[in-house]
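Participant: My structure is in model_26.cif, and what it holds is mmCIF, C-alpha atoms and all ligand atoms:
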```cif
data_coords
#
loop_
_atom_site.label_atom_id
_atom_site.label_comp_id
_atom_site.auth_asym_id
_atom_site.auth_seq_id
_atom_site.Cartn_x
_atom_site.Cartn_y
_atom_site.Cartn_z
CA MET A 1 -21.55 202.97 30.82
CA SER A 2 -23.27 199.60 30.38
CA ASN A 3 -24.32 198.32 26.98
CA PHE A 4 -26.99 195.95 28.31
CA THR A 5 -29.90 197.79 26.78
CA LEU A 6 -28.46 197.90 23.26
CA PRO A 7 -29.41 195.24 20.68
CA PHE A 8 -26.79 192.89 19.16
CA SER A 9 -26.55 189.58 17.37
CA PHE A 10 -23.79 187.04 17.81
CA THR A 11 -22.84 184.34 15.27
CA LEU A 12 -19.78 182.16 15.61
CA PRO A 13 -19.87 179.92 12.54
CA THR A 14 -16.62 178.15 13.42
CA LYS A 15 -16.55 174.89 15.38
CA ILE A 16 -13.69 175.00 17.90
CA VAL A 17 -11.70 171.88 18.69
CA TYR A 18 -9.22 172.68 21.46
CA GLY A 19 -6.58 170.87 23.50
CA PRO A 20 -2.97 169.65 23.61
CA GLY A 21 -2.61 166.92 20.98
CA CYS A 22 -5.97 167.64 19.33
CA ILE A 23 -4.31 168.00 15.92
CA VAL A 24 -5.19 164.31 15.34
CA SER A 25 -8.86 165.32 15.08
CA LEU A 26 -8.04 166.89 11.69
CA ILE A 27 -8.85 163.55 10.06
CA ASP A 28 -12.28 163.29 11.70
CA GLU A 29 -13.10 166.88 10.78
CA LEU A 30 -12.11 166.34 7.15
CA GLN A 31 -14.23 163.19 6.97
CA LEU A 32 -17.23 164.77 8.72
CA ASN A 33 -17.15 167.64 6.23
CA ASN A 34 -16.35 165.66 3.05
CA GLY A 35 -12.89 167.12 2.65
CA ASN A 36 -11.11 164.59 0.44
CA LYS A 37 -8.48 166.59 -1.47
CA PRO A 38 -7.15 169.44 0.68
CA VAL A 39 -4.63 172.11 -0.21
CA ILE A 40 -2.47 173.02 2.79
CA ILE A 41 -1.55 176.71 2.99
CA THR A 42 1.41 177.54 5.19
CA ASP A 43 4.80 179.26 5.30
CA LYS A 44 8.46 178.32 5.49
CA GLY A 45 8.79 179.01 9.23
CA VAL A 46 5.98 176.60 10.05
CA LYS A 47 7.51 174.04 7.70
CA ASN A 48 10.97 174.43 9.27
CA ALA A 49 9.46 173.98 12.75
CA GLY A 50 8.32 170.48 11.68
CA ILE A 51 4.61 171.27 11.94
CA LEU A 52 3.85 170.80 8.25
CA ASP A 53 5.44 167.31 8.33
CA LYS A 54 3.23 166.36 11.27
CA ILE A 55 0.15 167.24 9.26
CA THR A 56 1.18 165.70 5.94
CA SER A 57 2.14 162.46 7.79
CA LEU A 58 -1.25 162.39 9.47
CA LEU A 59 -2.95 162.78 6.10
CA ALA A 60 -0.72 160.15 4.46
CA GLN A 61 -1.44 157.62 7.25
CA ASN A 62 -5.12 158.05 6.46
CA ASN A 63 -4.66 157.87 2.67
CA ILE A 64 -5.74 161.46 2.11
CA SER A 65 -3.85 163.05 -0.77
CA CYS A 66 -3.01 166.72 -0.50
CA THR A 67 -0.98 169.46 -2.09
CA VAL A 68 0.99 172.17 -0.30
CA TYR A 69 1.47 175.88 -0.88
CA ASP A 70 4.18 177.02 1.56
CA GLY A 71 5.06 180.36 -0.05
CA VAL A 72 3.01 182.67 2.20
CA GLU A 73 5.03 185.74 3.26
CA PRO A 74 4.57 187.70 6.51
CA ASN A 75 1.90 190.40 6.01
CA PRO A 76 0.65 188.10 3.22
CA LYS A 77 0.65 189.61 -0.22
CA ASP A 78 -2.06 189.60 -2.91
CA VAL A 79 0.36 187.62 -5.11
CA ASN A 80 0.60 184.89 -2.42
CA VAL A 81 -3.18 184.53 -2.49
CA GLU A 82 -3.23 184.29 -6.27
CA GLU A 83 -0.40 181.73 -6.31
CA GLY A 84 -2.10 179.64 -3.61
CA ALA A 85 -5.37 179.65 -5.58
CA LYS A 86 -3.52 178.54 -8.74
CA ILE A 87 -1.93 175.58 -6.92
CA ALA A 88 -5.30 174.63 -5.37
CA ARG A 89 -7.02 174.72 -8.77
CA GLU A 90 -4.30 172.69 -10.53
CA PHE A 91 -4.69 169.98 -7.86
CA GLY A 92 -8.50 170.11 -7.91
CA ALA A 93 -8.62 170.84 -4.17
CA ASP A 94 -12.04 170.52 -2.53
CA SER A 95 -10.91 171.91 0.84
CA ILE A 96 -8.31 174.17 2.45
CA ILE A 97 -6.22 173.55 5.56
CA ALA A 98 -4.55 176.72 6.87
CA VAL A 99 -1.57 176.03 9.13
CA GLY A 100 0.33 178.85 10.78
CA GLY A 101 -0.04 182.27 12.25
CA GLY A 102 -2.28 184.98 10.89
CA SER A 103 -0.34 185.22 7.64
CA PRO A 104 -1.07 181.70 6.29
CA ILE A 105 -4.58 181.71 7.78
CA ASP A 106 -5.47 185.05 6.19
CA CYS A 107 -3.95 183.95 2.89
CA ALA A 108 -6.00 180.72 3.04
CA LYS A 109 -9.25 182.61 3.65
CA SER A 110 -8.60 184.77 0.60
CA VAL A 111 -7.63 181.71 -1.47
CA GLY A 112 -11.03 180.35 -0.44
CA VAL A 113 -12.68 183.57 -1.65
CA LEU A 114 -11.01 183.26 -5.06
CA LEU A 115 -11.97 179.58 -5.37
CA ALA A 116 -15.58 180.23 -4.32
CA HIS A 117 -16.05 183.10 -6.76
CA ASP A 118 -13.89 181.68 -9.56
CA GLY A 119 -11.92 184.92 -9.23
CA ASP A 120 -8.37 185.76 -10.22
CA LYS A 121 -7.51 189.02 -8.36
CA ILE A 122 -8.18 189.27 -4.61
CA LYS A 123 -8.37 193.09 -4.81
CA LYS A 124 -11.84 192.68 -6.34
CA TYR A 125 -13.11 191.26 -3.01
CA GLU A 126 -11.77 194.02 -0.75
CA GLY A 127 -14.13 195.30 1.95
CA LYS A 128 -16.97 193.91 4.02
CA THR A 129 -19.48 192.88 1.33
CA ALA A 130 -17.74 191.84 -1.89
CA ALA A 131 -17.32 188.16 -0.92
CA THR A 132 -20.84 186.77 -1.36
CA LYS A 133 -20.38 183.01 -1.60
CA HIS A 134 -19.63 180.24 0.90
CA LEU A 135 -15.96 179.23 0.88
CA PRO A 136 -14.92 175.63 0.24
CA LEU A 137 -14.35 173.71 3.49
CA LEU A 138 -11.76 175.74 5.45
CA ILE A 139 -10.03 174.25 8.50
CA THR A 140 -7.72 176.60 10.40
CA ILE A 141 -4.86 175.38 12.58
CA PRO A 142 -3.19 178.25 14.47
CA THR A 143 0.49 177.96 15.40
CA THR A 144 0.87 181.42 16.98
CA SER A 145 -1.16 182.87 19.85
CA GLY A 146 -1.89 186.27 18.41
CA THR A 147 -4.28 187.10 15.64
CA GLY A 148 -7.30 184.92 16.46
CA SER A 149 -7.70 184.66 12.68
CA GLU A 150 -8.63 180.99 13.10
CA LEU A 151 -11.98 182.26 14.45
CA THR A 152 -12.47 185.64 12.79
CA PHE A 153 -14.12 186.65 9.53
CA SER A 154 -11.19 188.84 8.43
CA SER A 155 -8.38 188.28 6.02
CA VAL A 156 -5.76 191.05 5.94
CA ILE A 157 -3.87 191.09 2.65
CA THR A 158 -1.18 193.50 1.43
CA ASP A 159 -2.08 195.24 -1.82
CA THR A 160 1.41 195.26 -3.38
CA GLU A 161 0.59 197.89 -6.00
CA ASN A 162 -0.45 200.48 -3.41
CA ASN A 163 1.53 199.20 -0.37
CA TYR A 164 -1.30 199.02 2.08
CA LYS A 165 -3.11 196.27 3.95
CA MET A 166 -6.63 195.71 2.71
CA THR A 167 -9.30 193.71 4.50
CA VAL A 168 -11.34 191.01 2.81
CA LYS A 169 -14.23 189.91 5.01
CA SER A 170 -17.88 188.98 4.96
CA GLN A 171 -20.28 186.66 6.75
CA TYR A 172 -18.90 183.84 4.53
CA THR A 173 -15.18 184.15 5.24
CA ALA A 174 -14.82 182.44 8.64
CA ALA A 175 -13.46 178.89 8.90
CA LYS A 176 -15.80 175.91 9.30
CA VAL A 177 -13.53 174.34 11.92
CA ALA A 178 -10.60 175.64 14.00
CA ILE A 179 -8.30 173.02 15.46
CA CYS A 180 -6.47 174.77 18.30
CA ASP A 181 -3.64 172.64 19.65
CA PRO A 182 -1.35 174.52 22.07
CA GLU A 183 1.44 171.97 21.46
CA LEU A 184 1.84 173.48 17.98
CA THR A 185 2.85 176.79 19.57
CA LEU A 186 5.70 175.31 21.67
CA SER A 187 8.23 175.95 18.89
CA LEU A 188 7.49 179.67 18.60
CA PRO A 189 10.69 181.69 19.13
CA ALA A 190 10.57 184.10 22.10
CA HIS A 191 10.47 187.30 20.02
CA ILE A 192 7.45 186.01 18.04
CA THR A 193 5.78 184.87 21.28
CA ALA A 194 6.21 188.47 22.46
CA SER A 195 4.92 190.28 19.39
CA THR A 196 2.00 187.92 18.73
CA GLY A 197 1.03 188.00 22.41
CA MET A 198 0.90 191.81 22.39
CA ASP A 199 -1.25 191.61 19.25
CA ALA A 200 -3.72 189.40 21.15
CA LEU A 201 -3.73 191.77 24.15
CA THR A 202 -4.39 194.70 21.80
CA HIS A 203 -7.37 192.82 20.32
CA ALA A 204 -8.80 192.27 23.79
CA ILE A 205 -8.35 195.89 24.94
CA GLU A 206 -9.55 197.46 21.69
CA ALA A 207 -12.55 195.10 21.47
CA TYR A 208 -13.55 195.92 25.05
CA THR A 209 -13.36 199.68 24.51
CA ALA A 210 -14.57 199.92 20.87
CA ALA A 211 -17.64 202.03 20.22
CA CYS A 212 -19.51 198.90 19.05
CA ALA A 213 -18.59 196.60 21.98
CA GLU A 214 -21.41 194.32 23.12
CA PRO A 215 -21.85 192.11 26.22
CA ILE A 216 -20.64 188.80 24.77
CA SER A 217 -17.55 190.37 23.21
CA ASP A 218 -16.99 192.16 26.54
CA ALA A 219 -17.00 188.84 28.40
CA ALA A 220 -14.57 187.28 25.94
CA ALA A 221 -12.31 190.37 25.97
CA LEU A 222 -12.01 190.53 29.76
CA TYR A 223 -11.10 186.86 30.19
CA ALA A 224 -8.71 187.17 27.25
CA THR A 225 -7.03 190.13 29.01
CA GLU A 226 -6.65 188.12 32.21
CA LEU A 227 -5.17 185.10 30.43
CA ILE A 228 -2.80 187.02 28.17
CA TYR A 229 -1.58 189.56 30.72
CA ASN A 230 -0.81 186.86 33.28
CA ASN A 231 0.83 184.36 30.92
CA LEU A 232 2.74 186.23 28.25
CA VAL A 233 5.91 186.69 30.31
CA ARG A 234 5.74 183.03 31.42
CA ALA A 235 5.48 181.83 27.80
CA PHE A 236 8.20 184.28 26.73
CA ASN A 237 10.65 183.14 29.44
CA ASP A 238 9.98 179.43 29.00
CA GLY A 239 8.57 178.49 25.62
CA SER A 240 8.22 174.85 26.70
CA ASN A 241 5.70 175.73 29.45
CA LEU A 242 2.57 174.03 28.08
CA GLU A 243 0.28 175.61 30.66
CA ALA A 244 1.39 179.14 29.74
CA ARG A 245 1.25 178.31 26.01
CA SER A 246 -2.27 176.90 26.45
CA ALA A 247 -3.43 179.99 28.34
CA MET A 248 -1.98 182.19 25.61
CA LEU A 249 -3.72 180.26 22.83
CA LEU A 250 -7.05 180.40 24.70
CA GLY A 251 -6.50 184.10 25.36
CA SER A 252 -5.81 184.87 21.71
CA MET A 253 -8.85 182.79 20.61
CA LEU A 254 -11.10 184.68 23.03
CA ALA A 255 -9.62 188.00 21.93
CA GLY A 256 -10.33 186.98 18.32
CA ILE A 257 -13.94 186.21 19.20
CA ALA A 258 -14.16 189.55 21.00
CA PHE A 259 -12.84 191.81 18.28
CA SER A 260 -14.59 190.02 15.43
CA HIS A 261 -17.94 190.73 17.12
CA SER A 262 -16.95 194.17 18.41
CA ASP A 263 -14.06 195.67 16.42
CA VAL A 264 -10.49 196.77 16.73
CA ALA A 265 -9.81 200.50 16.77
CA SER A 266 -7.13 203.14 16.28
CA VAL A 267 -4.13 201.05 17.44
CA HIS A 268 -4.85 198.68 14.59
CA CYS A 269 -5.45 201.52 12.15
CA ILE A 270 -1.91 202.82 12.75
CA ALA A 271 -0.38 199.31 12.95
CA GLU A 272 -1.89 198.27 9.63
CA SER A 273 -0.70 201.50 7.96
CA LEU A 274 2.82 201.01 9.31
CA GLY A 275 2.82 197.28 8.46
CA GLY A 276 1.63 198.02 4.91
CA VAL A 277 4.33 200.62 4.21
CA TYR A 278 7.27 199.09 6.14
CA ASP A 279 6.37 195.35 6.17
CA LEU A 280 7.01 195.18 9.94
CA PRO A 281 5.63 192.43 12.24
CA HIS A 282 2.00 193.24 13.03
CA GLY A 283 2.29 192.55 16.78
CA VAL A 284 5.30 194.88 17.12
CA CYS A 285 3.35 197.64 15.37
CA ASN A 286 0.44 197.19 17.77
CA ALA A 287 2.66 197.06 20.85
CA VAL A 288 4.37 200.38 20.09
CA PHE A 289 1.09 202.28 19.73
CA LEU A 290 -1.18 200.57 22.28
CA PRO A 291 -0.31 202.67 25.38
CA HIS A 292 -0.29 205.91 23.40
CA VAL A 293 -3.74 205.35 21.92
CA MET A 294 -4.92 204.36 25.42
CA GLU A 295 -3.59 207.65 26.77
CA TYR A 296 -5.39 209.53 23.99
CA ASN A 297 -8.64 207.66 24.77
CA MET A 298 -8.26 207.84 28.55
CA GLU A 299 -10.95 210.39 29.45
CA TYR A 300 -13.47 208.63 27.19
CA CYS A 301 -13.14 205.21 28.79
CA LEU A 302 -11.92 205.56 32.37
CA GLU A 303 -14.43 202.99 33.60
CA ARG A 304 -13.54 200.42 30.95
CA TYR A 305 -9.77 200.85 31.33
CA ALA A 306 -10.22 200.42 35.09
CA ARG A 307 -12.13 197.18 34.40
CA ILE A 308 -9.19 196.06 32.23
CA ALA A 309 -6.83 196.83 35.14
CA LYS A 310 -9.05 194.64 37.34
CA ALA A 311 -8.90 191.80 34.78
CA MET A 312 -5.10 192.15 34.87
CA GLY A 313 -5.24 191.70 38.65
CA LEU A 314 -4.08 195.24 39.53
CA ASN A 315 -5.18 197.02 42.71
CA PHE A 316 -6.43 200.61 42.67
CA GLU A 317 -8.54 203.06 44.67
CA ASN A 318 -10.63 204.67 41.92
CA GLU A 319 -11.32 204.44 38.18
CA LYS A 320 -8.80 207.09 37.19
CA GLU A 321 -6.03 205.36 39.08
CA GLY A 322 -7.07 201.98 37.63
CA ALA A 323 -7.12 203.31 34.06
CA LYS A 324 -3.64 204.84 34.50
CA LYS A 325 -2.34 201.60 35.97
CA ALA A 326 -3.66 199.66 32.94
CA VAL A 327 -1.66 201.92 30.59
CA GLU A 328 1.49 201.62 32.70
CA ALA A 329 1.05 197.83 32.84
CA VAL A 330 0.87 197.63 29.06
CA LYS A 331 4.06 199.74 28.72
CA LYS A 332 5.91 197.55 31.24
CA LEU A 333 4.73 194.31 29.64
CA ALA A 334 6.15 195.37 26.25
CA LEU A 335 9.50 196.09 27.96
CA ASP A 336 9.44 192.80 29.92
CA VAL A 337 9.09 190.82 26.69
CA LYS A 338 11.80 192.94 25.06
CA LEU A 339 9.76 194.46 22.27
CA PRO A 340 11.49 197.31 20.43
CA LEU A 341 10.59 200.98 20.78
CA PHE A 342 8.97 202.73 17.82
CA SER A 343 12.04 204.99 17.50
CA SER A 344 14.21 201.92 16.86
CA LEU A 345 12.16 200.60 13.92
CA ASN A 346 13.90 202.77 11.28
CA VAL A 347 10.71 204.51 10.27
CA ASN A 348 11.33 207.77 8.41
CA THR A 349 9.69 210.64 10.31
CA ASP A 350 8.82 212.22 6.93
CA ASP A 351 6.30 209.37 6.54
CA PHE A 352 4.32 210.26 9.69
CA GLU A 353 1.88 212.46 7.73
CA LYS A 354 1.24 209.65 5.26
CA LEU A 355 0.73 207.12 8.10
CA ALA A 356 -1.74 209.45 9.82
CA GLU A 357 -3.60 209.92 6.55
CA MET A 358 -3.80 206.16 5.94
CA SER A 359 -4.87 205.50 9.54
CA VAL A 360 -7.77 207.94 9.50
CA LYS A 361 -9.10 206.25 6.34
CA ASN A 362 -9.01 202.78 7.96
CA ILE A 363 -12.52 201.35 8.46
CA SER A 364 -11.89 200.81 12.18
CA THR A 365 -11.25 204.50 12.97
CA GLU A 366 -14.98 204.89 13.50
CA SER A 367 -14.83 202.23 16.25
CA ASN A 368 -12.33 204.13 18.39
CA PRO A 369 -14.03 205.26 21.62
CA ARG A 370 -12.78 208.81 21.12
CA PRO A 371 -13.17 210.39 17.65
CA MET A 372 -9.84 210.74 15.90
CA THR A 373 -8.78 213.12 13.10
CA LYS A 374 -5.64 212.93 11.01
CA GLU A 375 -4.04 215.54 13.30
CA ASP A 376 -4.90 213.45 16.37
CA TYR A 377 -3.28 210.41 14.75
CA LEU A 378 -0.19 212.47 13.98
CA LYS A 379 0.13 213.50 17.65
CA VAL A 380 -0.21 209.88 18.83
CA ILE A 381 2.42 208.73 16.31
CA GLU A 382 4.78 211.52 17.49
CA ASN A 383 4.18 210.64 21.16
CA ALA A 384 4.99 206.99 20.43
CA TYR A 385 8.18 208.08 18.66
CA ARG A 386 9.32 210.13 21.69
CA HIS A 387 8.63 207.22 24.10
CA LYS A 388 11.87 205.94 25.68
P1 LIG A 401 2.84 185.27 11.07
O1 LIG A 401 1.76 184.35 10.66
O2 LIG A 401 3.33 186.25 10.05
O3 LIG A 401 4.05 184.43 11.64
C1 LIG A 401 5.22 185.07 12.12
C2 LIG A 401 6.41 184.14 12.00
O4 LIG A 401 6.26 183.08 12.93
C3 LIG A 401 6.56 183.48 10.63
O5 LIG A 401 7.91 183.54 10.26
C4 LIG A 401 6.14 182.04 10.87
O6 LIG A 401 6.79 181.12 10.02
C5 LIG A 401 6.56 181.83 12.31
N1 LIG A 401 5.82 180.79 13.03
C6 LIG A 401 4.48 180.68 13.13
N2 LIG A 401 4.16 179.66 13.95
C7 LIG A 401 5.33 179.10 14.36
C8 LIG A 401 5.66 178.02 15.23
N3 LIG A 401 4.72 177.36 15.90
N4 LIG A 401 6.96 177.72 15.42
C9 LIG A 401 7.92 178.44 14.81
N5 LIG A 401 7.68 179.50 13.98
C10 LIG A 401 6.39 179.82 13.77
O7 LIG A 401 2.43 186.12 12.37
P2 LIG A 401 1.06 186.44 13.06
O8 LIG A 401 1.33 187.55 13.98
O9 LIG A 401 0.41 185.24 13.58
O10 LIG A 401 0.14 186.98 11.85
C11 LIG A 401 0.30 188.29 11.40
C12 LIG A 401 -0.66 188.59 10.26
O11 LIG A 401 -2.02 188.38 10.70
C13 LIG A 401 -0.57 190.05 9.83
O12 LIG A 401 -0.60 190.13 8.43
C14 LIG A 401 -1.81 190.68 10.44
O13 LIG A 401 -2.28 191.81 9.73
C15 LIG A 401 -2.79 189.55 10.38
N6 LIG A 401 -3.92 189.64 11.34
C16 LIG A 401 -5.09 189.08 10.97
C17 LIG A 401 -6.17 189.11 11.80
C18 LIG A 401 -7.47 188.51 11.36
O14 LIG A 401 -8.47 188.53 12.08
N7 LIG A 401 -7.52 187.94 10.20
C19 LIG A 401 -6.06 189.70 13.06
C20 LIG A 401 -4.84 190.25 13.44
C21 LIG A 401 -3.78 190.20 12.57
#
```
Transcribe the structure of this file into structure tokens.
Facilitator:
Amino acid sequence: MSNFTLPFSFTLPTKIVYGPGCIVSLIDELQLNNGNKPVIITDKGVKNAGILDKITSLLAQNNISCTVYDGVEPNPKDVNVEEGAKIAREFGADSIIAVGGGSPIDCAKSVGVLLAHDGDKIKKYEGKTAATKHLPLLITIPTTSGTGSELTFSSVITDTENNYKMTVKSQYTAAKVAICDPELTLSLPAHITASTGMDALTHAIEAYTAACAEPISDAAALYATELIYNNLVRAFNDGSNLEARSAMLLGSMLAGIAFSHSDVASVHCIAESLGGVYDLPHGVCNAVFLPHVMEYNMEYCLERYARIAKAMGLNFENEKEGAKKAVEAVKKLALDVKLPLFSSLNVNTDDFEKLAEMSVKNISTESNPRPMTKEDYLKVIENAYRHK
């Protein structure tokens, strides 16, 4: 069914600077936006890959003093946000540079929320409306092709008291500038290329089929699907392939634009529950549930899944066949890039009830194209566990 007659609005507050080598434009962007004393927020993996050095050298060559917080953990924790804010305040930072995958970028957005509101605990800003002030200048520099966080409004932070991933987002929480340089993704190890790439594909597919999808997010989601589906294996097999890396970064950016204006849906609800309880990589969690949620949704979005199959370049005779081929393609892709099966992730089956309960409470459950109860979630989780 078309959505052409439904109203929507579309705001992308982030300026995108894209291209191999474009990291050098960081200096211009800081100067244009009066960023004189940045705090860099990153993690140890990005530092060990030599990317942090590249950026601090660039700043030093231009006499810009900075401080660094490199303690962000995967599935970034509330305590990381609070530590980052403390370091920023001690330095008197007037701007934030986020360098890394979704973890440092999300942490940086929430650091920005604390600085803007003079807050101390990020929990206070959970949800879609609690952050009410403009962040200090935030420049995002993605080094994975997965989350799209460089362009989204969301910051996903683990509440360490209750072991779940909360979302902090509002109209004020997107970056001012995203500097998207595919060369910075060349050092990504193959297994992270795989998991982050499947995260991006999940964004595209869920955004395209979400109940609140609109025409501009549809356009972004379909091109994202084409780019990611046709380049993930290339980037996985040869990490030095700049063309494949560039296509993947563009794909994940477009998928980020798509889902931040539409939404994600039940795959993410389960993945965030699992990631919150077991601290597993987000992309792996998405990959293991994506085909099973698609199978659950199948009858509700035959036409849209068939359109996804077309974007992937698959041939089919009718919508039903196309939709089925899209699900099979997603299953095969996860195997081709050697992602683990759900049954191999050491998740205790006694926790399935709890995961289903957490998933149904996730704010994106209402965006799933087919309504989903706790019992429905439980069945999907069990199906994923049986998948060999
Ligand atoms: P990540 O940021 O946790 O990074 C994964 C690993 O890759 C880390 O060890 C990191 O050091 C390493 N790494 C990153 N770039 C590298 C590079 N170029 N070379 C070598 N190593 C590199 O992973 P991610 O998948 O990008 O982010 C996951 C987080 O993002 C999760 O917490 C998830 O919930 C969140 N997320 C946020 C949004 C959003 O819109 N804000 C969307 C989806 C997911």
Participant: Output as a tab-separated table one row per residue of chain A within 8 Å of ligand LIG 401 (chain A): the closest atom pair and its distance in Å to one decimal place, counting all atoms listed in the file, sorted by chain and residue number ascending.
Facilitator:
```
residue	atom	partner	partner_atom	distance
A:Asp43	CA	A:LIG401	O6	5.4
A:Lys44	CA	A:LIG401	O6	5.6
A:Gly45	CA	A:LIG401	O6	3.0
A:Val46	CA	A:LIG401	O6	4.6
A:Lys47	CA	A:LIG401	O6	7.5
A:Asn48	CA	A:LIG401	C9	7.5
A:Ala49	CA	A:LIG401	C9	5.1
A:Ile51	CA	A:LIG401	N3	7.3
A:Glu73	CA	A:LIG401	O2	7.0
A:Pro74	CA	A:LIG401	O2	4.0
A:Asn75	CA	A:LIG401	O12	3.5
A:Pro76	CA	A:LIG401	O12	5.7
A:Gly100	CA	A:LIG401	N2	5.0
A:Gly101	CA	A:LIG401	O1	3.2
A:Gly102	CA	A:LIG401	O10	3.3
A:Ser103	CA	A:LIG401	O1	3.8
A:Pro104	CA	A:LIG401	O1	5.8
A:Ile105	CA	A:LIG401	N7	7.3
A:Asp106	CA	A:LIG401	N7	5.4
A:Pro142	CA	A:LIG401	N2	7.5
A:Thr143	CA	A:LIG401	N2	4.3
A:Thr144	CA	A:LIG401	N2	4.8
A:Ser145	CA	A:LIG401	O9	6.9
A:Gly146	CA	A:LIG401	O9	5.4
A:Thr147	CA	A:LIG401	C20	3.9
A:Gly148	CA	A:LIG401	O14	5.8
A:Ser149	CA	A:LIG401	O14	4.0
A:Glu150	CA	A:LIG401	O14	7.6
A:Leu151	CA	A:LIG401	O14	7.6
A:Thr152	CA	A:LIG401	O14	5.0
A:Phe153	CA	A:LIG401	O14	6.5
A:Ser154	CA	A:LIG401	N7	4.2
A:Ser155	CA	A:LIG401	N7	4.3
A:Val156	CA	A:LIG401	O13	5.2
A:Ile157	CA	A:LIG401	O12	6.7
A:Thr158	CA	A:LIG401	O12	7.8
A:Lys165	CA	A:LIG401	O13	7.3
A:Leu184	CA	A:LIG401	N3	5.3
A:Thr185	CA	A:LIG401	N3	4.2
A:Leu186	CA	A:LIG401	N3	6.2
A:Ser187	CA	A:LIG401	N4	4.1
A:Leu188	CA	A:LIG401	N4	3.8
A:Pro189	CA	A:LIG401	C9	6.1
A:Ile192	CA	A:LIG401	O4	6.0
A:Ser195	CA	A:LIG401	O8	7.0
A:Thr196	CA	A:LIG401	O8	4.8
A:Asp199	CA	A:LIG401	C20	7.0
A:Ala200	CA	A:LIG401	C20	7.8
A:His203	CA	A:LIG401	C20	7.8
A:Gly256	CA	A:LIG401	O14	6.7
A:Ser260	CA	A:LIG401	O14	7.1
A:Glu272	CA	A:LIG401	O13	6.5
A:Gly275	CA	A:LIG401	O13	7.6
A:Pro281	CA	A:LIG401	O8	6.7
A:His282	CA	A:LIG401	C13	5.2
A:Gly283	CA	A:LIG401	O8	5.8
```
Participant: Would you kindly return, as a CSV table (one decimal) with C-alpha atoms, keeping the file's coordinate frame, each protein, DNA or RNA residue with an atom no farther than 7 Å from any atom of region 360-367 of chain A, considering only C-alpha atoms and excluding same-chain residues fewer than 5 positions away?
Facilitator:
```csv
chain,number,residue,atom,x,y,z
A,210,ALA,CA,-14.6,199.9,20.9
A,211,ALA,CA,-17.6,202.0,20.2
A,212,CYS,CA,-19.5,198.9,19.0
A,263,ASP,CA,-14.1,195.7,16.4
A,264,VAL,CA,-10.5,196.8,16.7
A,265,ALA,CA,-9.8,200.5,16.8
A,266,SER,CA,-7.1,203.1,16.3
A,269,CYS,CA,-5.4,201.5,12.2
A,373,THR,CA,-8.8,213.1,13.1
A,374,LYS,CA,-5.6,212.9,11.0
```
Participant: Counting all atoms listed in the file, what is within 8 Å of region 340-351 of chain A, bar same-chain residues fewer than 6 positions away, as a list in words?
Facilitator: Tyr278, Val284, Cys285, Val288, Ala384, Tyr385, Arg386, His387 and Lys388 of chain A
Participant: Taking all atoms of region 211-224 of chain A that appear in the file, build a box with edges along x, y and z, extend it by 5 Å on every side, and state its centre and edge lengths in Å to one decimal, as lines of an AutoDock Vina configuration file.
Facilitator:
```
center_x = -15.3
center_y = 194.4
center_z = 24.6
size_x = 23.1
size_y = 25.2
size_z = 21.1
```
Participant: For Asp120 (chain A), work out the shell of residues within 10 Å, counting only C-alpha atoms and skipping chain neighbours fewer than 2 positions away, then give it as number ranges by chain.
Facilitator: A: 81-83, 85-86, 111, 113-115, 117-118, 122-124
Participant: Go ahead and write the residues just picked, C-alpha atoms, as a PDB file, in the frame of the given file.
Facilitator:
```pdb
ATOM      1  CA  VAL A  81      -3.180 184.530  -2.490  1.00  0.00           C
ATOM      2  CA  GLU A  82      -3.230 184.290  -6.270  1.00  0.00           C
ATOM      3  CA  GLU A  83      -0.400 181.730  -6.310  1.00  0.00           C
ATOM      4  CA  ALA A  85      -5.370 179.650  -5.580  1.00  0.00           C
ATOM      5  CA  LYS A  86      -3.520 178.540  -8.740  1.00  0.00           C
ATOM      6  CA  VAL A 111      -7.630 181.710  -1.470  1.00  0.00           C
ATOM      7  CA  VAL A 113     -12.680 183.570  -1.650  1.00  0.00           C
ATOM      8  CA  LEU A 114     -11.010 183.260  -5.060  1.00  0.00           C
ATOM      9  CA  LEU A 115     -11.970 179.580  -5.370  1.00  0.00           C
ATOM     10  CA  HIS A 117     -16.050 183.100  -6.760  1.00  0.00           C
ATOM     11  CA  ASP A 118     -13.890 181.680  -9.560  1.00  0.00           C
ATOM     12  CA  ILE A 122      -8.180 189.270  -4.610  1.00  0.00           C
ATOM     13  CA  LYS A 123      -8.370 193.090  -4.810  1.00  0.00           C
ATOM     14  CA  LYS A 124     -11.840 192.680  -6.340  1.00  0.00           C
TER      15      LYS A 124
END
```
Participant: Compile the contact shell of region 14-18 of chain A as an MDAnalysis selection string: residues with an atom at most 10 Å away, counting only C-alpha atoms, same-chain residues fewer than 2 positions apart removed.
Facilitator: chainID A and resid 11:12 20:23 25:26 29 138:141 150:153 174:182 246 249:250 253
Participant: So how many Å separate CA of Val99 (chain A) and CA of Val68 (chain A), to one decimal?
Facilitator: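 A separation of 10.5 Å between them.
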Participant: Just give me the gap between CA of Ile216 (chain A) and CA of Lys310 (chain A) in Å, one decimal is fine.
Facilitator: 18.1 Å
Participant: For the atom pair CA of Leu30 (chain A) and CA of Met248 (chain A), what is the interatomic distance in Å to one decimal place?
Facilitator: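 Separation of CA of Leu30 (chain A) and CA of Met248 (chain A): 26.4 Å.
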Participant: I need the residue nearest Ala130 (chain A) from this list: A:Thr173, A:Leu290, A:Ile257, A:Leu335. Use only C-alpha atoms for the distance.
Facilitator: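 Of all the options, A:Thr173 lies closest to Ala130 (chain A).
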